[in-house]
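> My file is start.cif. It has mmCIF, C-alpha atoms and all ligand atoms:
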```
data_coords
loop_
_atom_site.label_atom_id
_atom_site.label_comp_id
_atom_site.auth_asym_id
_atom_site.auth_seq_id
_atom_site.Cartn_x
_atom_site.Cartn_y
_atom_site.Cartn_z
CA MET A 1050 271.29 84.90 -140.36
CA LYS A 1051 272.29 84.11 -136.82
CA MET A 1052 270.57 80.93 -135.58
CA ILE A 1053 269.82 80.06 -131.97
CA ASP A 1054 268.62 77.14 -129.87
CA VAL A 1055 265.88 78.17 -127.45
CA ILE A 1056 266.25 76.62 -123.99
CA ASN A 1057 263.32 74.18 -123.43
CA GLY A 1058 262.09 75.19 -126.88
CA PRO A 1059 262.77 74.82 -130.60
CA ALA A 1060 266.34 74.50 -131.90
CA ASN A 1061 267.92 76.28 -134.88
CA VAL A 1062 265.56 79.23 -135.07
CA SER A 1063 266.47 82.59 -136.55
CA ALA A 1064 267.57 85.32 -134.17
CA ILE A 1065 265.38 87.76 -136.11
CA ILE A 1066 261.65 87.08 -136.21
CA GLN A 1067 259.31 88.30 -138.95
CA GLY A 1068 256.23 89.94 -137.42
CA CYS A 1069 253.00 89.66 -139.37
CA MET A 1070 250.91 92.36 -137.65
CA ARG A 1071 250.92 94.54 -140.77
CA MET A 1072 250.27 91.75 -143.31
CA SER A 1073 246.50 91.83 -143.77
CA GLY A 1074 246.48 94.75 -146.25
CA LEU A 1075 248.69 92.94 -148.78
CA SER A 1076 247.51 90.83 -151.71
CA ASP A 1077 248.07 87.08 -151.29
CA GLU A 1078 250.93 87.31 -153.81
CA ASP A 1079 252.64 90.22 -152.02
CA ALA A 1080 252.24 88.49 -148.67
CA ALA A 1081 253.84 85.37 -150.21
CA LYS A 1082 256.72 87.58 -151.41
CA VAL A 1083 257.23 88.86 -147.86
CA ILE A 1084 257.30 85.31 -146.43
CA LYS A 1085 259.64 84.09 -149.18
CA THR A 1086 262.00 87.04 -148.85
CA SER A 1087 262.23 86.59 -145.08
CA TYR A 1088 262.84 82.88 -145.54
CA GLN A 1089 265.54 83.46 -148.17
CA CYS A 1090 267.20 85.87 -145.73
CA GLY A 1091 267.30 83.07 -143.17
CA ILE A 1092 264.24 83.94 -141.09
CA ASN A 1093 262.32 80.79 -140.18
CA PHE A 1094 260.27 82.30 -137.34
CA PHE A 1095 256.96 84.15 -137.92
CA ASP A 1096 255.01 86.01 -135.23
CA HIS A 1097 251.22 86.37 -135.29
CA ALA A 1098 248.29 87.21 -133.02
CA ASP A 1099 244.62 86.44 -133.39
CA ILE A 1100 243.89 90.19 -133.39
CA TYR A 1101 246.35 91.32 -136.10
CA GLY A 1102 244.56 92.99 -138.97
CA GLY A 1103 241.28 92.72 -137.03
CA GLN A 1104 239.44 89.47 -136.42
CA GLY A 1105 242.22 87.20 -137.60
CA ALA A 1106 242.77 88.91 -140.96
CA ALA A 1107 246.59 88.73 -140.77
CA GLU A 1108 246.58 85.02 -139.86
CA GLU A 1109 244.14 84.33 -142.66
CA LYS A 1110 246.32 86.23 -145.15
CA PHE A 1111 249.41 84.32 -144.00
CA GLY A 1112 247.60 80.99 -144.28
CA ARG A 1113 246.68 81.65 -147.91
CA ALA A 1114 250.02 83.24 -148.81
CA PHE A 1115 252.17 80.56 -147.19
CA ALA A 1116 250.57 77.94 -149.45
CA LEU A 1117 251.91 79.91 -152.46
CA THR A 1118 255.53 79.92 -151.25
CA GLY A 1119 256.37 76.22 -151.55
CA ILE A 1120 258.05 76.39 -148.12
CA LYS A 1121 257.43 73.28 -146.02
CA ARG A 1122 255.38 73.76 -142.86
CA GLU A 1123 257.91 71.87 -140.75
CA ASP A 1124 260.68 74.25 -141.86
CA VAL A 1125 259.15 77.26 -140.09
CA ILE A 1126 258.14 78.21 -136.57
CA LEU A 1127 254.65 79.68 -136.34
CA GLN A 1128 254.01 81.64 -133.18
CA THR A 1129 250.66 83.20 -132.38
CA LYS A 1130 248.99 84.91 -129.43
CA CYS A 1131 245.61 85.15 -127.79
CA GLY A 1132 244.00 86.90 -124.85
CA ILE A 1133 243.19 90.37 -126.22
CA CYS A 1134 239.53 90.82 -127.19
CA PRO A 1135 239.11 94.26 -128.81
CA GLU A 1136 235.50 93.69 -129.78
CA ARG A 1137 234.61 93.01 -126.11
CA GLN A 1138 237.05 95.62 -124.73
CA GLU A 1139 238.62 93.16 -122.31
CA PHE A 1140 241.48 90.71 -121.94
CA ASP A 1141 240.51 87.08 -121.49
CA TRP A 1142 242.67 84.18 -120.30
CA THR A 1143 239.85 81.82 -119.46
CA LYS A 1144 240.30 78.21 -120.54
CA GLU A 1145 237.30 78.48 -122.84
CA HIS A 1146 238.69 81.53 -124.62
CA ILE A 1147 242.25 80.18 -124.97
CA LEU A 1148 241.04 76.88 -126.45
CA LYS A 1149 238.64 78.55 -128.88
CA SER A 1150 241.23 81.09 -129.92
CA VAL A 1151 243.78 78.38 -130.75
CA ASP A 1152 241.23 76.47 -132.84
CA ASP A 1153 240.43 79.66 -134.77
CA SER A 1154 244.12 80.41 -135.35
CA LEU A 1155 244.79 76.85 -136.56
CA ARG A 1156 241.98 77.16 -139.08
CA ARG A 1157 243.11 80.58 -140.34
CA LEU A 1158 246.80 79.63 -140.52
CA LYS A 1159 245.82 76.40 -142.31
CA THR A 1160 247.91 74.21 -140.06
CA ASP A 1161 247.25 71.46 -137.53
CA TYR A 1162 249.75 72.71 -134.94
CA ILE A 1163 251.09 75.97 -133.58
CA ASP A 1164 254.75 75.92 -132.60
CA VAL A 1165 254.48 78.60 -129.93
CA LEU A 1166 251.41 80.06 -128.22
CA LEU A 1167 251.85 83.31 -126.28
CA LEU A 1168 249.31 84.88 -123.93
CA HIS A 1169 249.27 88.39 -125.35
CA ARG A 1170 248.60 90.74 -122.41
CA PRO A 1171 247.71 89.94 -118.81
CA ASP A 1172 244.03 89.39 -118.04
CA LEU A 1173 243.61 91.07 -114.65
CA LEU A 1174 241.08 88.38 -113.73
CA PHE A 1175 243.24 85.45 -114.77
CA ASP A 1176 243.06 82.26 -112.77
CA PRO A 1177 246.39 80.42 -113.19
CA THR A 1178 244.76 77.03 -112.60
CA GLU A 1179 242.53 77.61 -115.63
CA VAL A 1180 245.49 78.62 -117.78
CA ALA A 1181 247.27 75.45 -116.63
CA GLN A 1182 244.28 73.32 -117.69
CA ALA A 1183 244.17 75.05 -121.08
CA PHE A 1184 247.90 74.49 -121.68
CA ASP A 1185 247.60 70.80 -120.67
CA THR A 1186 244.71 70.29 -123.08
CA LEU A 1187 246.57 72.03 -125.93
CA GLU A 1188 249.77 70.10 -125.27
CA LYS A 1189 248.01 66.71 -125.04
CA SER A 1190 246.08 67.30 -128.26
CA GLY A 1191 249.29 68.27 -130.07
CA LYS A 1192 247.76 71.60 -131.10
CA VAL A 1193 250.54 73.62 -129.41
CA LYS A 1194 254.18 72.60 -128.92
CA TYR A 1195 255.57 75.41 -126.73
CA PHE A 1196 254.15 78.14 -124.51
CA GLY A 1197 255.08 81.69 -123.61
CA VAL A 1198 253.71 85.11 -122.76
CA SER A 1199 253.89 88.71 -123.83
CA ASN A 1200 253.99 91.95 -121.81
CA LEU A 1201 254.19 90.24 -118.41
CA THR A 1202 255.97 91.49 -115.30
CA TYR A 1203 258.20 89.12 -113.39
CA MET A 1204 255.67 88.57 -110.58
CA GLN A 1205 252.93 87.66 -113.07
CA LEU A 1206 255.40 85.17 -114.52
CA GLU A 1207 256.13 83.75 -111.08
CA LEU A 1208 252.42 83.30 -110.43
CA LEU A 1209 251.86 81.59 -113.76
CA LYS A 1210 254.90 79.33 -113.33
CA LYS A 1211 253.61 78.13 -109.96
CA TYR A 1212 250.63 76.47 -111.70
CA VAL A 1213 251.61 75.82 -115.32
CA LYS A 1214 253.78 72.74 -115.78
CA GLN A 1215 255.05 73.50 -119.29
CA PRO A 1216 258.13 75.75 -119.41
CA ILE A 1217 257.38 79.39 -120.26
CA ILE A 1218 260.01 79.91 -122.94
CA PHE A 1219 259.35 83.47 -124.20
CA ASN A 1220 258.23 86.86 -122.92
CA GLN A 1221 257.60 89.31 -125.78
CA VAL A 1222 257.92 92.97 -124.73
CA GLN A 1223 258.59 96.32 -126.36
CA PHE A 1224 262.30 97.07 -126.62
CA SER A 1225 264.35 99.30 -128.88
CA LEU A 1226 266.92 102.10 -128.80
CA GLU A 1227 264.06 104.53 -128.31
CA GLN A 1228 261.90 102.39 -125.98
CA SER A 1229 264.63 100.98 -123.74
CA GLN A 1230 262.76 100.81 -120.41
CA LEU A 1231 263.69 97.12 -120.18
CA ILE A 1232 267.31 98.04 -119.41
CA ASP A 1233 267.27 101.68 -118.24
CA GLN A 1234 266.49 101.09 -114.57
CA ALA A 1235 269.52 98.86 -114.12
CA LEU A 1236 271.77 101.82 -114.93
CA TYR A 1237 270.06 104.53 -112.89
CA MET A 1238 268.86 102.50 -109.89
CA ASN A 1239 268.35 104.47 -106.72
CA ASN A 1240 268.78 107.81 -108.53
CA LYS A 1241 265.98 110.22 -107.64
CA THR A 1242 267.06 112.87 -110.15
CA THR A 1243 265.71 110.97 -113.16
CA ASP A 1244 262.59 109.01 -114.13
CA LEU A 1245 264.92 106.55 -115.87
CA SER A 1246 265.45 105.01 -112.42
CA ILE A 1247 261.79 103.99 -112.13
CA ASN A 1248 261.49 100.26 -111.89
CA ARG A 1249 258.58 99.59 -114.24
CA ASP A 1250 258.74 95.81 -114.55
CA GLY A 1251 260.57 94.45 -111.51
CA ASN A 1252 263.91 93.85 -113.26
CA LEU A 1253 262.17 91.72 -115.84
CA LEU A 1254 265.20 91.17 -118.06
CA ASP A 1255 267.33 89.77 -115.23
CA TYR A 1256 264.41 87.62 -114.10
CA CYS A 1257 263.97 86.21 -117.63
CA ARG A 1258 267.68 85.48 -117.98
CA ILE A 1259 267.82 83.70 -114.62
CA ASN A 1260 264.73 81.64 -115.49
CA ASP A 1261 265.64 80.74 -119.10
CA ILE A 1262 262.83 82.82 -120.55
CA ARG A 1263 264.00 84.36 -123.81
CA VAL A 1264 262.89 87.92 -124.45
CA GLN A 1265 261.49 88.91 -127.86
CA ALA A 1266 261.50 92.62 -128.75
CA TRP A 1267 258.40 93.96 -130.47
CA SER A 1268 258.31 97.15 -132.57
CA PRO A 1269 262.11 97.52 -132.63
CA LEU A 1270 261.96 100.68 -134.77
CA GLN A 1271 258.92 102.50 -133.42
CA LYS A 1272 259.02 105.65 -131.29
CA GLY A 1273 256.52 105.47 -128.46
CA MET A 1274 253.85 102.89 -129.11
CA PHE A 1275 253.37 102.78 -132.91
CA GLY A 1276 254.42 106.47 -133.22
CA GLY A 1277 256.27 105.90 -136.50
CA ASN A 1278 259.82 104.86 -137.28
CA PHE A 1279 262.57 106.72 -135.34
CA ILE A 1280 265.04 106.15 -138.19
CA ASP A 1281 265.37 109.36 -140.24
CA ASP A 1282 263.01 111.13 -137.82
CA ASN A 1283 263.98 114.77 -137.12
CA GLU A 1284 263.07 114.28 -133.46
CA PHE A 1285 266.17 112.07 -133.04
CA PRO A 1286 269.11 113.87 -134.72
CA GLU A 1287 271.83 112.53 -132.41
CA LEU A 1288 270.62 108.97 -132.61
CA ASN A 1289 270.39 109.10 -136.39
CA ALA A 1290 273.90 110.61 -136.64
CA ALA A 1291 275.30 107.81 -134.43
CA LEU A 1292 273.46 105.13 -136.42
CA ASP A 1293 274.66 106.69 -139.67
CA LYS A 1294 278.31 106.71 -138.58
CA ILE A 1295 278.28 102.99 -137.77
CA ALA A 1296 276.11 102.16 -140.80
CA LYS A 1297 278.67 103.79 -143.13
CA ARG A 1298 281.55 101.98 -141.42
CA GLU A 1299 279.78 98.61 -141.67
CA GLY A 1300 278.34 99.18 -145.15
CA VAL A 1301 274.74 98.57 -144.03
CA SER A 1302 271.59 100.63 -143.42
CA LYS A 1303 270.82 102.53 -140.22
CA THR A 1304 267.92 100.14 -139.67
CA ALA A 1305 270.33 97.20 -139.65
CA VAL A 1306 272.45 98.96 -137.01
CA ALA A 1307 269.37 99.63 -134.83
CA ILE A 1308 268.46 95.93 -134.98
CA ALA A 1309 272.10 94.92 -134.39
CA TRP A 1310 272.00 97.00 -131.19
CA ILE A 1311 269.27 94.69 -129.86
CA LEU A 1312 271.09 91.55 -131.03
CA ARG A 1313 274.32 92.72 -129.34
CA HIS A 1314 272.84 92.37 -125.86
CA PRO A 1315 274.10 89.14 -124.24
CA ALA A 1316 270.56 88.15 -123.16
CA GLY A 1317 269.98 86.89 -126.72
CA ILE A 1318 266.93 89.09 -127.31
CA GLN A 1319 265.11 88.31 -130.57
CA PRO A 1320 263.97 91.41 -132.50
CA ILE A 1321 260.60 91.05 -134.25
CA ILE A 1322 260.67 93.14 -137.41
CA GLY A 1323 257.43 94.44 -138.87
CA THR A 1324 258.33 95.64 -142.36
CA MET A 1325 256.23 94.33 -145.25
CA ASN A 1326 258.67 95.64 -147.87
CA PRO A 1327 260.97 92.91 -149.29
CA ASP A 1328 263.85 95.38 -149.80
CA HIS A 1329 263.54 96.55 -146.19
CA ILE A 1330 263.54 92.92 -145.01
CA LYS A 1331 266.83 92.25 -146.85
CA ASP A 1332 268.26 95.49 -145.50
CA THR A 1333 267.25 94.73 -141.93
CA CYS A 1334 268.63 91.20 -141.93
CA GLN A 1335 272.10 92.63 -142.55
CA ALA A 1336 271.95 93.35 -138.81
CA CYS A 1337 273.41 89.89 -138.26
CA ASP A 1338 276.60 90.92 -140.11
CA VAL A 1339 277.18 94.11 -138.12
CA ASN A 1340 280.08 94.07 -135.69
CA LEU A 1341 279.07 96.29 -132.80
CA SER A 1342 281.80 96.83 -130.24
CA HIS A 1343 281.12 97.35 -126.55
CA HIS A 1344 281.81 101.05 -127.14
CA ASP A 1345 279.49 101.24 -130.20
CA TRP A 1346 276.65 99.82 -128.11
CA TYR A 1347 277.05 102.47 -125.40
CA GLU A 1348 277.50 105.23 -127.97
CA LEU A 1349 274.13 104.34 -129.54
CA TYR A 1350 272.43 104.05 -126.16
CA LEU A 1351 273.68 107.49 -125.10
CA ALA A 1352 272.77 109.00 -128.49
CA SER A 1353 269.19 107.85 -127.89
CA GLY A 1354 268.93 110.44 -125.11
CA LYS A 1355 270.29 108.68 -122.03
CA PHE A 1356 273.36 109.60 -119.97
CA LEU A 1357 275.79 107.84 -117.71
CA PRO A 1358 274.93 108.47 -114.04
N1 LIG A 1401 253.30 91.54 -128.20
C1 LIG A 1401 252.85 92.74 -128.48
O1 LIG A 1401 252.16 93.36 -127.66
C2 LIG A 1401 253.19 93.35 -129.82
C3 LIG A 1401 252.85 94.68 -130.08
C4 LIG A 1401 253.20 95.20 -131.33
C5 LIG A 1401 253.86 94.43 -132.28
N2 LIG A 1401 254.15 93.12 -132.00
C6 LIG A 1401 254.89 92.27 -132.98
O2 LIG A 1401 256.05 92.98 -133.39
C7 LIG A 1401 256.10 93.02 -134.81
C8 LIG A 1401 256.83 94.24 -135.26
O3 LIG A 1401 256.13 95.43 -134.88
P1 LIG A 1401 256.18 96.72 -135.81
O4 LIG A 1401 255.61 96.42 -137.13
O5 LIG A 1401 255.64 97.85 -135.03
O6 LIG A 1401 257.79 96.82 -135.96
P2 LIG A 1401 258.84 97.82 -136.56
O7 LIG A 1401 259.79 96.98 -137.33
O8 LIG A 1401 259.34 98.64 -135.43
O9 LIG A 1401 258.06 98.80 -137.54
C9 LIG A 1401 257.71 98.42 -138.83
C10 LIG A 1401 257.25 99.65 -139.56
O10 LIG A 1401 258.40 100.46 -139.85
C11 LIG A 1401 258.37 100.78 -141.23
N3 LIG A 1401 259.65 101.01 -141.88
C12 LIG A 1401 259.92 102.17 -142.54
N4 LIG A 1401 261.14 102.11 -143.09
C13 LIG A 1401 261.66 100.92 -142.79
C14 LIG A 1401 262.92 100.32 -143.10
N5 LIG A 1401 263.85 100.92 -143.80
N6 LIG A 1401 263.13 99.09 -142.64
C15 LIG A 1401 262.20 98.47 -141.91
N7 LIG A 1401 260.99 99.02 -141.59
C16 LIG A 1401 260.72 100.22 -142.03
C17 LIG A 1401 257.66 99.61 -141.87
O11 LIG A 1401 257.16 100.05 -143.13
P3 LIG A 1401 257.42 99.16 -144.47
O12 LIG A 1401 256.52 97.99 -144.36
O13 LIG A 1401 257.04 100.10 -145.54
O14 LIG A 1401 258.86 98.80 -144.48
C18 LIG A 1401 256.58 99.31 -140.87
O15 LIG A 1401 255.48 100.17 -141.06
C19 LIG A 1401 254.63 92.95 -135.24
O16 LIG A 1401 254.50 92.51 -136.56
C20 LIG A 1401 254.09 91.96 -134.25
O17 LIG A 1401 254.40 90.66 -134.69
C21 LIG A 1401 253.84 92.58 -130.78
#
```
Is it possible to give me this structure as structure tokens?

Amino acid sequence: MKMIDVINGPANVSAIIQGCMRMSGLSDEDAAKVIKTSYQCGINFFDHADIYGGQGAAEEKFGRAFALTGIKREDVILQTKCGICPERQEFDWTKEHILKSVDDSLRRLKTDYIDVLLLHRPDLLFDPTEVAQAFDTLEKSGKVKYFGVSNLTYMQLELLKKYVKQPIIFNQVQFSLEQSQLIDQALYMNNKTTDLSINRDGNLLDYCRINDIRVQAWSPLQKGMFGGNFIDDNEFPELNAALDKIAKREGVSKTAVAIAWILRHPAGIQPIIGTMNPDHIKDTCQACDVNLSHHDWYELYLASGKFLP
């Protein structure tokens, strides 16, 4: 496993993060197997959200399962998110909601601190002074060590940073070979012949790199938004052929190559994998052993349906 030190954040964390969004359907024992397998593969970073599994079910499952693994709490990074309220059909970044949500997550995860709290999706009515008060309270109480966001544009980050005094250390966004909007615009800028030139996030990746905000990539294998895995999907013959060629050369799975493509970017993007299958976890972690050349990276990008302008 490749390990990294996060600027203004935790040191020696795994480049690959284990996502727990799909954990709630497992038995406690199977969930413990997932956590243990990830840990044995070198993953010490687990991603949650209060909404995963519905009403905290994934956090609750993790809390029970983690106790069965024998892994020490201080040896892992627990990250969770708040701000999406499906039952109310709204997003909520009020101080009251953030503080309550953290208390609920602490109880479900059976821990007395959260390493990283992310605000999940922007609340259109958010008042940055309220968020700042919430972060201060959480930091002072020791309930949260580090803060970040998810799915934010660069201007929303600027606004938040003007009021919040803690460093914003992560922005978690969708990014993969198939969903590569994060980088496409940089290549096609000013080109009116293709929608790939549309600037959808205000050059978010450059902004994050300049401001020491590490990007985490959610759903690194999904087509569209949760449209199923693009690996072995007939809709992507060229991409699968290109992945297969490199996978055979490197002696790893195509999945490992797709994750290695994210890791190869010099921004140090952390892929968040969502598999709940221990064999797939082992397979995927081989991504850290893949040697992708500059040319390999472009070959995969072009095979995913893009072209050089
Ligand atoms: N911030 C946000 O807005 C946001 C949104 C979505 C997700 N997330 C985070 O991102 C994490 C990952 O999302 P995701 O689950 O959609 O990620 P993913 O890794 O792209 O997809 C995982 C899915 O692919 C399947 N899969 C099939 N074959 C596989 C193989 N050979 N290797 C690996 N996986 C295989 C898995 O099934 P098996 O279990 O059978 O392997 C699982 O259903 C989530 O857990 C969550 O933490 C964040």
> State, in Å with one decimal place, the distance from CA of His1146 in chain A to CA of Leu1174 in chain A.
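Straight-line distance from CA of His1146 in chain A to CA of Leu1174 in chain A works out to 13.1 Å.
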> Pick out the residues no farther than 9 Å from ligand LIG 1401 (chain A), counting all atoms listed in the file, and list them as an MDAnalysis selection string.
chainID A and resid 1066:1072 1095:1098 1101 1129:1130 1167:1170 1198:1200 1220:1223 1225 1265:1272 1274:1281 1302:1305 1320:1333
> Can you tell me which residues surround Arg1122 in chain A at a distance of at most 12 Å, considering all atoms listed in the file, apart from same-chain residues fewer than 4 positions away, and format the answer as an MDAnalysis selection string?
chainID A and resid 1093:1095 1112 1115:1118 1126:1127 1158:1164
> Kindly export the residues of the current selection with C-alpha atoms, as a compact mmCIF listing (two decimals), in the frame of the given file.

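What landed in out-v5.txt:
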```
# COMPACT_ATOMS: atom_id res chain seq x y z
CA ASN A 1093 262.32 80.79 -140.18
CA PHE A 1094 260.27 82.30 -137.34
CA PHE A 1095 256.96 84.15 -137.92
CA GLY A 1112 247.60 80.99 -144.28
CA PHE A 1115 252.17 80.56 -147.19
CA ALA A 1116 250.57 77.94 -149.45
CA LEU A 1117 251.91 79.91 -152.46
CA THR A 1118 255.53 79.92 -151.25
CA ILE A 1126 258.14 78.21 -136.57
CA LEU A 1127 254.65 79.68 -136.34
CA LEU A 1158 246.80 79.63 -140.52
CA LYS A 1159 245.82 76.40 -142.31
CA THR A 1160 247.91 74.21 -140.06
CA ASP A 1161 247.25 71.46 -137.53
CA TYR A 1162 249.75 72.71 -134.94
CA ILE A 1163 251.09 75.97 -133.58
CA ASP A 1164 254.75 75.92 -132.60
```
> Compile the contact shell of Arg1156 in chain A as an MDAnalysis selection string: residues with an atom at most 12 Å away, counting all atoms listed in the file, same-chain residues fewer than 4 positions apart removed.
chainID A and resid 1099 1105:1106 1108:1113 1149:1152 1160:1163 1192
> Could you tell me how far CA of Phe1184 in chain A lies from CA of Asp1141 in chain A, in Å and to one decimal?
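The value is 14.6 Å.
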> Smallest atom-to-atom distance to Leu1351 in chain A: which of A:Ser1063, A:Asn1289, A:Asn1239, A:Asn1057, using all atoms listed in the file?
A:Asn1289
> Of the candidates A:Gln1228, A:Gln1182, A:Gln1205, A:Asn1340, which one gets nearest to Glu1299 in chain A if we count all atoms listed in the file?
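Comparing A:Gln1228, A:Gln1182, A:Gln1205, A:Asn1340 against Glu1299 in chain A, the winner is A:Asn1340.
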> Pick from A:Pro1171, A:Gly1119, A:Pro1315, A:Pro1216: nearest to Asp1261 in chain A, with all atoms listed in the file counted?
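Ranked by minimum distance to Asp1261 in chain A, first place goes to A:Pro1216.
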> Pick from A:Leu1312, A:Ile1120, A:Val1083, A:Leu1148: nearest to Met1052 in chain A, with all atoms listed in the file counted?
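Among the listed residues, A:Leu1312 lies closest to Met1052 in chain A.
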> Looking at A:Leu1254, A:Leu1173, A:Ala1336, A:Val1125, which one is nearest to Glu1139 in chain A, with distances taken over all atoms listed in the file?
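Once distances to Glu1139 in chain A are computed over all atoms listed in the file, the minimum belongs to A:Leu1173.
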> Near Pro1177 in chain A, within 10 Å and counting only C-alpha atoms, which residues show up once chain neighbours fewer than 5 positions away are dropped, as a PyMOL selection string?
chain A and resi 1142-1144+1182-1183+1205+1208-1213
> Can you find the residues with an atom no farther than 9 Å from (267.7, 97.4, -118.6), counting only C-alpha atoms, and report them as a list in words?
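Residues lying no farther than 9 Å from the given point: Ser1229, Gln1230, Leu1231, Ile1232, Asp1233, Gln1234, Ala1235, Leu1236, Asn1252, Leu1253, Leu1254 and Asp1255 of chain A.
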> In Å, how far is it from CA of Ile1217 in chain A to CA of Glu1188 in chain A?
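Computed distance, CA of Ile1217 in chain A to CA of Glu1188 in chain A, equals 13.0 Å.
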> Smallest atom-to-atom distance to Phe1219 in chain A: which of A:Arg1249, A:Lys1297, A:Arg1263, A:Lys1189, using all atoms listed in the file?
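Answer, going by the shortest atom-to-atom distance: A:Arg1263.
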